[in-house]
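Encoded as C-alpha cells, the structure appears first; notes follow it.
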Amino acid sequence: MAVVAAVLIVAILVTGTFAWQSIGQRAINQAISVPRPAGGRLHNNFQVMGPNFGEAQGDLSNREYQWRAGVTADKGVYIENFERIDNNGRDIFLRVRLYEYMEIGYGARLHPGDPDFDDRAAESILPGADRVDFTTWRRRIPGADPGGSDLFRHYWDWHLGGWKYFIPTFNRDPYSRETDVKGAAFDPQDLNPGELPSSTHRDESHEFPLTAGREEFWAYGRYHYGRIKYWDATYNLGTGRHSIATYPTRHYARRTLGAEIMLMADWMAAGSPVGNFWVWDVDGWFYWARPLPAEQATGLILNSITLRTNPSDQWFYAIFIDAEMAVSNEWYADAPGEGWFHDPERAPTADATALLNRITGRAV
C-alpha cells in the first residue's frame, strides 16, 4: 500500500463589486485531503506439511502430509476488497509479485532465533541470496530464467489460478499492512505503533486452526469468529488510530472469483480484454485485469505447489508475496515520485501501464 498523509486545507474566497450597495457575493469553501488507502487485504493460506514447519499435529503427521517428491500442498494466494458496499466501498486495483528462496544443507530446518541458526551449513541455491533478507530473493518470472526462477523450477512446480471458499478478513483497517494468513503461512510485516495483531493470527484469541490452510477447509456454510480491526477516525483530534473490537463477529465462508493466468504478450495479442483473470508481466508482476468491487476477492494466483525432486539433504523453501493495492488515482502519476511510479525498479512496464489505463477507463 502507498504511504498516506492526511492534509486539510480550507480556503474561503469572497468576490464582489466595491460598491457598498452591492449584495452580490460568491463564496467557495474548499477542503483538500488525501483519501484513505485502498481497502485490500492479501490472503496467504498454506497447508501444513511435515513435523517442523507449523508443528503439525494429529492426522497431519501421517505420511500423506510429509514432503517427498510428487507431494502437493495447497498454497492459496488471493486478495480481498474488504471495503463495504453499504459504506460507499470503492473499486480497487491490484498487482502481486512472488519471490522464492531455497537452501539445502545441514541446519536448513532451523529457524531464525534458534540456537546455531547463524552457524548452519545450509547454502542458498541462488548465489548471493540471504534467508532473512527478502530483497535478495528471486522473483518468479514467466518463461525461461537461467540462474533465477529456473533454479527453483528444478525442485518445484507451481499450479496457478482457480478459486476457493474463504473467510472474509476480520482486519478492515485500511492503514494496517497486516496480511490474512492461515495454516503454515505467517506474516513478516511489523505492526504499526499502537496496532494490535488480528485476533485470528497464530496464538491469538480467535486463531485459525492449522487445517485452515487446506483448500477444501472452508466449505460453504462454515464460519469463524474474530474481532474486527478498524481505523477509528474520531480519535487524536480527528487524525485517527488503529482499533479493534471488544467482542467477536461471525464471518461465513464465501467464494472467491475464479481466475486463469494470462501472459502479458497474450493479453496484448487478444485485444487487451478486461475480466476476472491475472495478467503476468515479464518483470514478474501479476495484474488483476479489472477493477475489484467491494466485498469481493480475486481468483487465486498461486493455487498449490508440488515438490518435483527430493533434495539431497535438509532443506528450506519459502515464497515471499509482495502485494500492492490502489484506487485509480493512486497508481497513476504524471510526475516521478508518486504512486506506483515512486521507485523506478517497481514502475509498471509500458504494457502494464497500458493495462492500467485500460481497466481504469483512461484508454479504450
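We label chains A, B, ... in the order they appear in the C-alpha cells, count residues from 1 in each chain, and number ligands from 1 in the order shown.
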Item to check | Neighbour list for A:Arg84 as a list of chain:residue names, cut-off 6 Å, only C-alpha atoms, skip fewer than 3 positions in-chain | outcome: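 Selected residues are A:Asn87, A:Gly89, A:Ala294.
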Exercise. Where in stretch 105-322 of chain A does DSSP assign strand (DSSP E or B), given as a ChimeraX atom specification?
Worked result: /A:123-124,130,133,138-139,156-160,165-166,171,180-183,223-226,229-232,241-244,249-252,254-255,261-263,278-280,286-288,292,297,302-307,315-322
Between A:Arg346, A:Arg254, A:Arg139, A:His206, smallest distance to A:Phe166 by only C-alpha atoms belongs to A:Arg254
At a cut-off of 9 Å, using only C-alpha atoms, what residues contact A:His242? Leave out same-chain residues fewer than 3 positions from it and give the result as a short mmCIF file (atom, residue, chain, number, x, y, z; two decimals) with N, CA and C atoms, in the first residue's frame.
```cif
data_model
loop_
_atom_site.label_atom_id
_atom_site.label_comp_id
_atom_site.auth_asym_id
_atom_site.auth_seq_id
_atom_site.Cartn_x
_atom_site.Cartn_y
_atom_site.Cartn_z
N ASP A 173 -8.95 -2.49 8.72
CA ASP A 173 -8.21 -1.26 8.96
C ASP A 173 -7.40 -0.94 7.70
N TYR A 175 -5.25 1.24 7.12
CA TYR A 175 -3.88 1.67 7.39
C TYR A 175 -3.02 0.54 7.94
N SER A 176 -3.57 -0.65 8.04
CA SER A 176 -2.83 -1.82 8.51
C SER A 176 -2.25 -2.57 7.32
N ASN A 192 2.18 -1.44 13.01
CA ASN A 192 2.39 -0.02 13.21
C ASN A 192 2.28 0.32 14.70
N PRO A 193 2.84 1.45 15.14
CA PRO A 193 2.69 1.85 16.54
C PRO A 193 1.23 1.90 16.94
N GLY A 194 0.90 1.27 18.05
CA GLY A 194 -0.47 1.26 18.56
C GLY A 194 -1.37 0.24 17.92
N GLU A 195 -0.88 -0.55 16.98
CA GLU A 195 -1.71 -1.53 16.28
C GLU A 195 -1.60 -2.90 16.95
N LEU A 196 -2.74 -3.49 17.28
CA LEU A 196 -2.77 -4.83 17.84
C LEU A 196 -2.86 -5.86 16.71
N LYS A 229 -10.82 -5.52 13.25
CA LYS A 229 -9.87 -4.42 13.33
C LYS A 229 -10.37 -3.31 12.40
N TYR A 230 -10.23 -2.04 12.84
CA TYR A 230 -10.72 -0.94 12.03
C TYR A 230 -9.95 0.33 12.37
N TRP A 231 -10.10 1.33 11.55
CA TRP A 231 -9.49 2.63 11.79
C TRP A 231 -10.55 3.55 12.37
N ASP A 232 -10.32 4.00 13.60
CA ASP A 232 -11.26 4.88 14.27
C ASP A 232 -10.84 6.33 14.03
N ALA A 233 -11.53 6.99 13.11
CA ALA A 233 -11.16 8.35 12.69
C ALA A 233 -11.54 9.41 13.72
#
```
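Closest approach to A:Arg250 among A:Val279, A:Ala122, A:Ile79, A:Ile228: A:Ile228, based on only C-alpha atoms.
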Set the distance at 8 Å and use only C-alpha atoms: which residues neighbour stretch 158-164 of chain A once local chain neighbours fewer than 3 positions away are removed? I'd like the list as a VMD selection string.
chain A and resid 215 to 216 255 to 261 299 to 306
List the neighbours of stretch 264-271 of chain A out to 12 Å using only C-alpha atoms; skip same-chain residues closer than 6 positions along the sequence, and give me the result as a PyMOL selection string. chain A and resi 141-143+277-289+349-355+358+364
Among stretch 125-218 of chain A, which residues carry a DSSP assignment of helix (DSSP H, G or I), reported as number ranges by chain?
A: 134-136, 149-153, 210-213
Could you take the residues named above and write them with N, CA and C atoms, as a compact mmCIF listing (two decimals), in the first residue's frame?
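Once everything was written out, this is selection.txt:
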```
# COMPACT_ATOMS: atom_id res chain seq x y z
N PHE A 134 14.60 -10.47 2.45
CA PHE A 134 13.70 -10.72 1.33
C PHE A 134 14.13 -10.01 0.05
N THR A 135 14.87 -8.91 0.18
CA THR A 135 15.28 -8.17 -1.00
C THR A 135 16.27 -8.95 -1.86
N THR A 136 16.87 -10.00 -1.32
CA THR A 136 17.82 -10.82 -2.08
C THR A 136 17.16 -12.04 -2.72
N SER A 149 14.66 -18.02 -11.68
CA SER A 149 13.48 -18.85 -11.43
C SER A 149 13.72 -20.31 -11.78
N ASP A 150 14.54 -20.58 -12.82
CA ASP A 150 14.75 -21.96 -13.25
C ASP A 150 15.42 -22.81 -12.17
N LEU A 151 16.21 -22.19 -11.30
CA LEU A 151 16.82 -22.94 -10.21
C LEU A 151 15.77 -23.54 -9.29
N PHE A 152 14.69 -22.80 -9.08
CA PHE A 152 13.61 -23.27 -8.21
C PHE A 152 12.69 -24.23 -8.97
N ARG A 153 12.50 -24.02 -10.26
CA ARG A 153 11.64 -24.91 -11.04
C ARG A 153 12.20 -26.34 -11.09
N LEU A 210 -4.79 -24.93 12.34
CA LEU A 210 -3.75 -25.20 11.35
C LEU A 210 -4.33 -25.76 10.06
N THR A 211 -5.40 -26.53 10.18
CA THR A 211 -6.01 -27.13 8.99
C THR A 211 -6.68 -26.11 8.07
N ALA A 212 -6.82 -24.85 8.53
CA ALA A 212 -7.46 -23.82 7.70
C ALA A 212 -6.63 -23.46 6.48
N GLY A 213 -5.38 -23.93 6.41
CA GLY A 213 -4.57 -23.68 5.23
C GLY A 213 -4.90 -24.58 4.06
```
Just the residues within 7 Å of stretch 308-324 of chain A, please, counting only C-alpha atoms, with nothing from its chain fewer than 2 positions along; format it as a list in words.
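What passes the distance filter is Met1, Leu42, Arg68, Ala69, Gly70, Leu94, Arg95, Val96, Arg97, Leu98, Tyr99, Glu100, Tyr101, Met102, Glu103, Ile104, Gly105, Tyr106, Gly107, Ala108, Arg109, Tyr155, Trp156, Asp157, Thr306 and Ala326 of chain A.
Compared by their closest atoms to A:Met325, and using only C-alpha atoms, the residues A:Phe93, A:Trp137, A:Tyr165, A:Trp218 rank with A:Phe93 nearest.
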Checklist line | Point-to-point distance from atom CA of A:Thr179 to atom CA of A:Phe117, Å rounded to tenths | finding: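 Interatomic distance here is 26.3 Å.
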Query - Straight-line distance linking atom CA of A:Thr246 with atom CA of A:Phe170, stated in Å to one decimal - result: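 Interatomic distance, atom CA of A:Thr246 to atom CA of A:Phe170: 12.7 Å.
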*Top pick for closest residue to A:Arg227, considering A:Asn171, A:Thr239, A:Gln66, A:Ser272 and counting only C-alpha atoms*: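 Ranked by minimum distance to A:Arg227, first place goes to A:Asn171.
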